[in-house]
file work-v2.pdb (PDB, C-alpha atoms)
ATOM      1  CA  MET A  27       0.000   0.000   0.000
ATOM      2  CA  PRO A  28       1.562   3.324  -1.061
ATOM      3  CA  ASN A  29       1.969   6.018   1.513
ATOM      4  CA  ALA A  30      -0.374   9.005   1.575
ATOM      5  CA  LYS A  31       2.120  11.409   0.014
ATOM      6  CA  VAL A  32       2.764   9.209  -3.038
ATOM      7  CA  LEU A  33      -0.960   8.530  -3.405
ATOM      8  CA  SER A  34      -1.839  12.231  -3.303
ATOM      9  CA  GLU A  35       0.877  12.997  -5.896
ATOM     10  CA  LYS A  36      -0.524  10.353  -8.234
ATOM     11  CA  GLN A  37      -4.066  11.641  -7.727
ATOM     12  CA  ALA A  38      -2.869  15.138  -8.614
ATOM     13  CA  ILE A  39      -1.216  13.817 -11.787
ATOM     14  CA  VAL A  40      -4.420  11.988 -12.785
ATOM     15  CA  ALA A  41      -6.513  15.119 -12.123
ATOM     16  CA  GLU A  42      -4.125  17.271 -14.155
ATOM     17  CA  LEU A  43      -4.103  14.763 -17.031
ATOM     18  CA  ALA A  44      -7.904  14.472 -16.966
ATOM     19  CA  ASP A  45      -8.182  18.261 -17.098
ATOM     20  CA  ARG A  46      -5.720  18.363 -20.008
ATOM     21  CA  LEU A  47      -7.774  15.763 -21.902
ATOM     22  CA  LYS A  48     -11.080  17.561 -21.193
ATOM     23  CA  ASN A  49      -9.796  20.911 -22.433
ATOM     24  CA  ALA A  50      -8.016  19.516 -25.499
ATOM     25  CA  ALA A  51      -9.461  20.137 -28.944
ATOM     26  CA  SER A  52      -7.621  17.000 -30.054
ATOM     27  CA  GLY A  53      -4.945  14.602 -28.926
ATOM     28  CA  ILE A  54      -2.891  11.695 -30.138
ATOM     29  CA  PHE A  55      -1.239   8.802 -28.262
ATOM     30  CA  VAL A  56       2.115   7.602 -29.628
ATOM     31  CA  ASP A  57       4.466   4.656 -29.097
ATOM     32  CA  TYR A  58       7.906   6.296 -29.229
ATOM     33  CA  LYS A  59      10.043   3.200 -28.598
ATOM     34  CA  GLY A  60      13.334   3.481 -30.506
ATOM     35  CA  ILE A  61      13.317   7.217 -31.222
ATOM     36  CA  THR A  62      16.677   8.935 -30.727
ATOM     37  CA  VAL A  63      17.239  11.972 -28.528
ATOM     38  CA  LEU A  64      17.915  14.154 -31.575
ATOM     39  CA  GLN A  65      14.683  13.020 -33.267
ATOM     40  CA  ASP A  66      12.738  13.559 -30.044
ATOM     41  CA  THR A  67      14.165  17.070 -29.659
ATOM     42  CA  GLN A  68      13.239  17.963 -33.240
ATOM     43  CA  LEU A  69       9.732  16.568 -32.728
ATOM     44  CA  ARG A  70       9.220  18.497 -29.495
ATOM     45  CA  ASN A  71      10.422  21.744 -31.114
ATOM     46  CA  GLU A  72       8.074  21.348 -34.061
ATOM     47  CA  LEU A  73       5.141  20.473 -31.793
ATOM     48  CA  ARG A  74       5.887  23.487 -29.584
ATOM     49  CA  GLN A  75       5.937  25.774 -32.644
ATOM     50  CA  ASN A  76       2.477  24.462 -33.587
ATOM     51  CA  GLY A  77       1.014  25.033 -30.108
ATOM     52  CA  VAL A  78       0.954  21.347 -29.153
ATOM     53  CA  GLU A  79       1.744  20.084 -25.651
ATOM     54  CA  TYR A  80       3.735  16.827 -25.743
ATOM     55  CA  SER A  81       4.739  14.629 -22.831
ATOM     56  CA  VAL A  82       5.537  11.064 -21.861
ATOM     57  CA  ILE A  83       2.802   9.566 -19.692
ATOM     58  CA  LYS A  84       2.405   6.582 -17.396
ATOM     59  CA  ASN A  85      -0.145   4.110 -18.738
ATOM     60  CA  THR A  86      -1.830   3.311 -15.423
ATOM     61  CA  LEU A  87      -2.316   6.969 -14.518
ATOM     62  CA  CYS A  88      -3.528   7.734 -18.032
ATOM     63  CA  ARG A  89      -6.089   4.901 -17.844
ATOM     64  CA  ARG A  90      -7.632   6.503 -14.779
ATOM     65  CA  ALA A  91      -7.700   9.921 -16.465
ATOM     66  CA  ILE A  92      -9.262   8.711 -19.727
ATOM     67  CA  ASP A  93     -11.881   6.746 -17.810
ATOM     68  CA  GLU A  94     -12.739   9.990 -15.984
ATOM     69  CA  VAL A  95     -13.067  11.852 -19.282
ATOM     70  CA  GLY A  96     -15.037   9.126 -21.076
ATOM     71  CA  LEU A  97     -12.423   7.979 -23.597
ATOM     72  CA  SER A  98     -12.227   4.427 -22.227
ATOM     73  CA  GLU A  99     -11.961   2.988 -25.775
ATOM     74  CA  ILE A 100      -8.298   4.025 -25.657
ATOM     75  CA  ASP A 101      -7.601   1.727 -22.660
ATOM     76  CA  ALA A 102      -6.648  -1.175 -24.936
ATOM     77  CA  VAL A 103      -3.679   0.634 -26.533
ATOM     78  CA  LEU A 104      -2.144   1.916 -23.308
ATOM     79  CA  ASN A 105       0.793  -0.447 -22.994
ATOM     80  CA  GLY A 106       4.509  -0.108 -23.600
ATOM     81  CA  THR A 107       5.993   3.335 -24.093
ATOM     82  CA  THR A 108       3.341   6.025 -24.442
ATOM     83  CA  SER A 109       3.435   9.744 -25.056
ATOM     84  CA  LEU A 110       0.578  12.171 -25.532
ATOM     85  CA  ALA A 111       0.321  15.234 -27.774
ATOM     86  CA  THR A 112      -2.649  17.553 -27.143
ATOM     87  CA  THR A 113      -3.687  20.998 -28.258
ATOM     88  CA  THR A 114      -6.322  23.544 -27.383
ATOM     89  CA  GLU A 115      -5.643  25.618 -30.509
ATOM     90  CA  ASP A 116      -5.390  24.058 -33.994
ATOM     91  CA  PRO A 117      -6.970  20.572 -33.697
ATOM     92  CA  ILE A 118      -5.232  19.372 -36.869
ATOM     93  CA  ALA A 119      -1.681  20.264 -35.749
ATOM     94  CA  PRO A 120      -0.876  17.192 -33.600
ATOM     95  CA  PHE A 121      -2.148  14.813 -36.276
ATOM     96  CA  ARG A 122      -0.173  16.562 -39.025
ATOM     97  CA  VAL A 123       3.135  16.764 -37.122
ATOM     98  CA  ILE A 124       2.939  13.298 -35.541
ATOM     99  CA  GLY A 125       1.758  11.811 -38.860
ATOM    100  CA  ASP A 126       4.790  13.261 -40.654
ATOM    101  CA  TYR A 127       7.166  11.878 -38.052
ATOM    102  CA  SER A 128       5.431   8.503 -38.076
ATOM    103  CA  LYS A 129       5.913   8.232 -41.859
ATOM    104  CA  LYS A 130       9.518   9.420 -41.620
ATOM    105  CA  LEU A 131      10.578   7.155 -38.729
ATOM    106  CA  GLY A 132       8.518   4.045 -39.491
ATOM    107  CA  ASP A 133       8.154   1.342 -36.835
ATOM    108  CA  VAL A 134      10.110   3.158 -34.118
ATOM    109  CA  PHE A 135       7.417   5.843 -33.853
ATOM    110  CA  THR A 136       3.816   4.677 -34.285
ATOM    111  CA  VAL A 137       0.427   6.209 -33.603
ATOM    112  CA  LYS A 138      -1.614   4.256 -31.054
ATOM    113  CA  ALA A 139      -4.869   6.232 -30.864
ATOM    114  CA  GLY A 140      -6.296   9.695 -31.187
ATOM    115  CA  PHE A 141      -9.323  11.753 -30.282
ATOM    116  CA  MET A 142     -10.977  14.968 -31.371
ATOM    117  CA  ASP A 143     -13.777  16.824 -29.588
ATOM    118  CA  GLY A 144     -14.305  13.929 -27.169
ATOM    119  CA  LYS A 145     -14.609  11.252 -29.893
ATOM    120  CA  VAL A 146     -12.052   8.475 -30.377
ATOM    121  CA  LEU A 147     -10.856   8.346 -33.994
ATOM    122  CA  SER A 148      -9.950   5.372 -36.162
ATOM    123  CA  GLN A 149      -6.517   5.059 -37.772
ATOM    124  CA  GLN A 150      -8.021   6.032 -41.152
ATOM    125  CA  GLU A 151      -9.707   9.126 -39.712
ATOM    126  CA  MET A 152      -6.426  10.201 -38.124
ATOM    127  CA  ALA A 153      -4.588   9.708 -41.439
ATOM    128  CA  ASP A 154      -7.244  11.760 -43.258
ATOM    129  CA  ILE A 155      -7.014  14.577 -40.707
ATOM    130  CA  ALA A 156      -3.212  14.583 -40.975
ATOM    131  CA  MET A 157      -3.543  15.318 -44.716
ATOM    132  CA  LEU A 158      -5.518  18.533 -44.090
ATOM    133  CA  PRO A 159      -3.673  21.851 -44.383
ATOM    134  CA  SER A 160      -2.983  23.999 -41.323
ATOM    135  CA  LYS A 161      -5.506  26.473 -39.935
ATOM    136  CA  GLU A 162      -3.541  29.392 -41.399
ATOM    137  CA  ALA A 163      -3.528  27.771 -44.850
ATOM    138  CA  LEU A 164      -7.287  27.223 -44.637
ATOM    139  CA  TYR A 165      -7.801  30.864 -43.591
ATOM    140  CA  SER A 166      -5.753  32.079 -46.553
ATOM    141  CA  LYS A 167      -7.777  29.894 -48.942
ATOM    142  CA  VAL A 168     -11.043  31.276 -47.585
ATOM    143  CA  LEU A 169      -9.731  34.838 -47.784
ATOM    144  CA  GLY A 170      -8.510  34.250 -51.338
ATOM    145  CA  THR A 171     -11.929  32.909 -52.285
ATOM    146  CA  MET A 172     -13.610  35.962 -50.770
ATOM    147  CA  LEU A 173     -11.267  38.394 -52.560
ATOM    148  CA  ALA A 174     -11.489  36.699 -55.977
ATOM    149  CA  PRO A 175     -14.774  38.374 -57.087
ATOM    150  CA  ILE A 176     -13.528  41.831 -56.065
ATOM    151  CA  THR A 177     -10.228  41.317 -57.872
ATOM    152  CA  SER A 178     -12.043  40.076 -60.983
ATOM    153  CA  LEU A 179     -14.315  43.124 -60.933
ATOM    154  CA  ALA A 180     -11.312  45.456 -60.736
ATOM    155  CA  VAL A 181      -9.648  43.695 -63.695
ATOM    156  CA  VAL A 182     -12.845  43.886 -65.791
ATOM    157  CA  LEU A 183     -13.350  47.578 -64.996
ATOM    158  CA  GLY A 184      -9.727  48.280 -65.903
ATOM    159  CA  GLN A 185     -10.161  46.517 -69.255
ATOM    160  CA  ILE A 186     -13.335  48.520 -69.983
ATOM    161  CA  VAL A 187     -11.489  51.786 -69.298
ATOM    162  CA  GLU A 188      -8.656  50.744 -71.627
ATOM    163  CA  GLN A 189     -11.131  49.763 -74.400
ATOM    164  CA  LYS A 190     -12.740  53.210 -74.221
ATOM    165  CA  GLY A 191      -9.362  54.756 -74.897
ATOM    166  CA  GLY A 192      -8.588  55.904 -71.395
ATOM    167  CA  SER A 193      -6.108  54.733 -68.825
ATOM    168  CA  LEU A 194      -6.317  54.060 -65.123
ATOM    169  CA  GLU A 195      -3.830  56.851 -64.362
ATOM    170  CA  SER A 196      -5.955  59.516 -66.101
ATOM    171  CA  ALA A 197      -9.106  58.311 -64.335
ATOM    172  CA  GLU A 198      -7.605  58.866 -60.856
ATOM    173  CA  PRO A 199      -7.020  62.667 -61.112
ATOM    174  CA  ALA A 200     -10.501  63.174 -62.557
ATOM    175  CA  ALA A 201     -12.011  61.449 -59.537
ATOM    176  CA  GLU A 202     -10.188  63.813 -57.162
TER
END

call {"tool": "encode", "arguments": {"input": "work-v2.pdb", "output": "structure tokens"}}
result
Amino acid sequence: MPNAKVLSEKQAIVAELADRLKNAASGIFVDYKGITVLQDTQLRNELRQNGVEYSVIKNTLCRRAIDEVGLSEIDAVLNGTTSLATTTEDPIAPFRVIGDYSKKLGDVFTVKAGFMDGKVLSQQEMADIAMLPSKEALYSKVLGTMLAPITSLAVVLGQIVEQKGGSLESAEPAAE
């Protein structure tokens, strides 16, 4: 039987992990067995740049936390070496970064399970999400789509002015 101090420390870790899982927009569990220190450092730096929290976790403490949160389907994969990447910002970021590293490193770095918005995802769903562009890229596509009609209108109006024998430079002083 563990002493009270150790037990309270473990309960605090479980509570903190459960809170992290509840507040996460998405998360991914990884088996990192065989990854080198250099590869791990590069992975952590890239995850940090994308606003993803990454840490090694103890399976037994994680089981208690995921049962608290309602992600008990993940229990089956919690064995061996396990790390967890979560984010509260861009929900696609952990899947994209971890997916890239998983492809690059092969069997030494494999995805165990993942979740998004409280739902456990299949391996295929995680692979599909990893293929999506970043939030910034999606924003720029939407903005480009919104600006396209305005840009087209400006081009057409410019061509009409040129056909009538005028130029855009001579039209500006007249407007003032």

call {"tool": "residues_around", "arguments": {"input": "work-v2.pdb", "residues": "A:Ser160", "least_positions_apart": "2", "cutoff": "12 Å", "atoms": "all atoms listed in the file", "output": "list of chain:residue names"}}
result
A:Asn76, A:Gly77, A:Glu115, A:Asp116, A:Pro117, A:Ile118, A:Ala119, A:Pro120, A:Phe121, A:Arg122, A:Val123, A:Ile155, A:Ala156, A:Met157, A:Leu158, A:Glu162, A:Ala163, A:Leu164, A:Tyr165, A:Ser166, A:Lys167

call {"tool": "atom_distance", "arguments": {"input": "work-v2.pdb", "atom1": "atom CA of A:Lys145", "atom2": "atom CA of A:Ile39"}}
result
22.7 Å

call {"tool": "atom_distance", "arguments": {"input": "work-v2.pdb", "atom1": "atom CA of A:Asn105", "atom2": "atom CA of A:Phe141"}}
result
17.4 Å

call {"tool": "closest_residue", "arguments": {"input": "work-v2.pdb", "among": "A:Gln75, A:Ser109, A:Gln185, A:Asn29", "to": "A:Asp57", "atoms": "all atoms listed in the file"}}
result
A:Ser109

call {"tool": "resolve_selection", "arguments": {"input": "work-v2.pdb", "expression": "the PyMOL selection byres ((chain A and resi 58) around 12)", "output": "compact mmCIF listing (two decimals) with C-alpha atoms, keeping the file's coordinate frame"}}
result
# COMPACT_ATOMS: atom_id res chain seq x y z
CA PHE A 55 -1.24 8.80 -28.26
CA VAL A 56 2.12 7.60 -29.63
CA ASP A 57 4.47 4.66 -29.10
CA LYS A 59 10.04 3.20 -28.60
CA GLY A 60 13.33 3.48 -30.51
CA ILE A 61 13.32 7.22 -31.22
CA THR A 62 16.68 8.94 -30.73
CA VAL A 63 17.24 11.97 -28.53
CA GLN A 65 14.68 13.02 -33.27
CA ASP A 66 12.74 13.56 -30.04
CA LEU A 69 9.73 16.57 -32.73
CA TYR A 80 3.74 16.83 -25.74
CA SER A 81 4.74 14.63 -22.83
CA VAL A 82 5.54 11.06 -21.86
CA ILE A 83 2.80 9.57 -19.69
CA ASN A 105 0.79 -0.45 -22.99
CA GLY A 106 4.51 -0.11 -23.60
CA THR A 107 5.99 3.34 -24.09
CA THR A 108 3.34 6.02 -24.44
CA SER A 109 3.44 9.74 -25.06
CA LEU A 110 0.58 12.17 -25.53
CA ALA A 111 0.32 15.23 -27.77
CA ILE A 124 2.94 13.30 -35.54
CA TYR A 127 7.17 11.88 -38.05
CA SER A 128 5.43 8.50 -38.08
CA LEU A 131 10.58 7.16 -38.73
CA GLY A 132 8.52 4.04 -39.49
CA ASP A 133 8.15 1.34 -36.84
CA VAL A 134 10.11 3.16 -34.12
CA PHE A 135 7.42 5.84 -33.85
CA THR A 136 3.82 4.68 -34.28
CA VAL A 137 0.43 6.21 -33.60
CA LYS A 138 -1.61 4.26 -31.05

call {"tool": "atom_distance", "arguments": {"input": "work-v2.pdb", "atom1": "atom CA of A:Gly140", "atom2": "atom CA of A:Leu33"}}
result
28.3 Å

call {"tool": "axis_aligned_box", "arguments": {"input": "work-v2.pdb", "around": "stretch 178-187 of chain A", "padding_each_side": "4 Å", "output": "lines of an AutoDock Vina configuration file"}}
result
center_x = -12.0
center_y = 45.9
center_z = -65.4
size_x = 12.7
size_y = 19.7
size_z = 17.2

call {"tool": "residues_around", "arguments": {"input": "work-v2.pdb", "residues": "A:Ile100", "least_positions_apart": "5", "cutoff": "8 Å", "atoms": "only C-alpha atoms", "output": "JSON list (two decimals) with C-alpha atoms, keeping the file's coordinate frame"}}
result
[["chain", "number", "residue", "atom", "x", "y", "z"],
["A", 92, "ILE", "CA", -9.26, 8.71, -19.73],
["A", 139, "ALA", "CA", -4.87, 6.23, -30.86],
["A", 146, "VAL", "CA", -12.05, 8.48, -30.38]]

call {"tool": "closest_residue", "arguments": {"input": "work-v2.pdb", "among": "A:Ile54, A:Ala38, A:Ala102, A:Leu47", "to": "A:Asn85", "atoms": "all atoms listed in the file"}}
result
A:Ala102

call {"tool": "resolve_selection", "arguments": {"input": "work-v2.pdb", "expression": "the PyMOL selection byres ((chain A and resi 91) around 12)", "output": "PyMOL selection string"}}
result
chain A and resi 36-48+83-90+92-98+100-101+104

call {"tool": "build_atoms", "arguments": {"input": "work-v2.pdb", "residues": "stretch 77-88 of chain A", "atoms": "all heavy atoms", "output": "short mmCIF file (atom, residue, chain, number, x, y, z; two decimals), in the coordinates of the input"}}
result
data_model
loop_
_atom_site.label_atom_id
_atom_site.label_comp_id
_atom_site.auth_asym_id
_atom_site.auth_seq_id
_atom_site.Cartn_x
_atom_site.Cartn_y
_atom_site.Cartn_z
N GLY A 77 1.92 24.88 -31.24
CA GLY A 77 1.01 25.03 -30.11
C GLY A 77 0.52 23.72 -29.54
O GLY A 77 -0.60 23.64 -29.01
N VAL A 78 1.33 22.68 -29.63
CA VAL A 78 0.95 21.35 -29.15
C VAL A 78 1.77 21.01 -27.91
O VAL A 78 2.98 21.18 -27.88
CB VAL A 78 1.19 20.27 -30.24
CG1 VAL A 78 0.83 18.89 -29.74
CG2 VAL A 78 0.40 20.61 -31.50
N GLU A 79 1.08 20.52 -26.88
CA GLU A 79 1.74 20.08 -25.65
C GLU A 79 2.05 18.60 -25.79
O GLU A 79 1.16 17.80 -26.10
CB GLU A 79 0.83 20.33 -24.45
CG GLU A 79 1.46 19.98 -23.13
CD GLU A 79 0.53 20.24 -21.95
OE1 GLU A 79 -0.54 20.85 -22.14
OE2 GLU A 79 0.88 19.81 -20.85
N TYR A 80 3.29 18.21 -25.55
CA TYR A 80 3.74 16.83 -25.74
C TYR A 80 4.45 16.36 -24.49
O TYR A 80 5.31 17.06 -23.97
CB TYR A 80 4.69 16.76 -26.94
CG TYR A 80 5.23 15.40 -27.26
CD1 TYR A 80 4.46 14.46 -27.91
CD2 TYR A 80 6.53 15.05 -26.90
CE1 TYR A 80 4.97 13.21 -28.23
CE2 TYR A 80 7.05 13.81 -27.20
CZ TYR A 80 6.28 12.89 -27.87
OH TYR A 80 6.78 11.65 -28.17
N SER A 81 4.07 15.17 -24.01
CA SER A 81 4.74 14.63 -22.83
C SER A 81 4.61 13.11 -22.79
O SER A 81 3.69 12.53 -23.35
CB SER A 81 4.14 15.23 -21.56
OG SER A 81 2.76 14.95 -21.48
N VAL A 82 5.58 12.50 -22.12
CA VAL A 82 5.54 11.06 -21.86
C VAL A 82 4.61 10.84 -20.68
O VAL A 82 4.64 11.61 -19.71
CB VAL A 82 6.96 10.53 -21.56
CG1 VAL A 82 6.93 9.08 -21.12
CG2 VAL A 82 7.86 10.73 -22.76
N ILE A 83 3.77 9.82 -20.76
CA ILE A 83 2.80 9.57 -19.69
C ILE A 83 2.90 8.12 -19.20
O ILE A 83 3.34 7.25 -19.92
CB ILE A 83 1.36 9.85 -20.17
CG1 ILE A 83 1.04 9.06 -21.42
CG2 ILE A 83 1.15 11.33 -20.41
CD1 ILE A 83 -0.39 9.15 -21.87
N LYS A 84 2.47 7.93 -17.97
CA LYS A 84 2.40 6.58 -17.40
C LYS A 84 1.05 5.99 -17.76
O LYS A 84 0.01 6.62 -17.60
CB LYS A 84 2.57 6.63 -15.88
CG LYS A 84 3.96 7.02 -15.45
CD LYS A 84 4.12 6.77 -13.97
CE LYS A 84 5.53 7.01 -13.53
NZ LYS A 84 6.38 5.87 -13.70
N ASN A 85 1.07 4.75 -18.25
CA ASN A 85 -0.14 4.11 -18.74
C ASN A 85 -1.22 3.96 -17.66
O ASN A 85 -2.40 4.22 -17.91
CB ASN A 85 0.18 2.75 -19.35
CG ASN A 85 0.98 2.89 -20.62
OD1 ASN A 85 0.77 3.81 -21.40
ND2 ASN A 85 1.90 1.97 -20.85
N THR A 86 -0.83 3.54 -16.46
CA THR A 86 -1.83 3.31 -15.42
C THR A 86 -2.50 4.61 -14.99
O THR A 86 -3.72 4.64 -14.79
CB THR A 86 -1.20 2.63 -14.19
OG1 THR A 86 -0.07 3.39 -13.77
CG2 THR A 86 -0.78 1.21 -14.49
N LEU A 87 -1.73 5.68 -14.89
CA LEU A 87 -2.32 6.97 -14.52
C LEU A 87 -3.19 7.51 -15.65
O LEU A 87 -4.24 8.11 -15.42
CB LEU A 87 -1.22 7.97 -14.16
CG LEU A 87 -0.32 7.59 -12.98
CD1 LEU A 87 0.74 8.64 -12.75
CD2 LEU A 87 -1.13 7.36 -11.72
N CYS A 88 -2.75 7.28 -16.88
CA CYS A 88 -3.53 7.73 -18.03
C CYS A 88 -4.85 6.97 -18.13
O CYS A 88 -5.88 7.56 -18.48
CB CYS A 88 -2.72 7.56 -19.31
SG CYS A 88 -3.53 8.29 -20.73
#
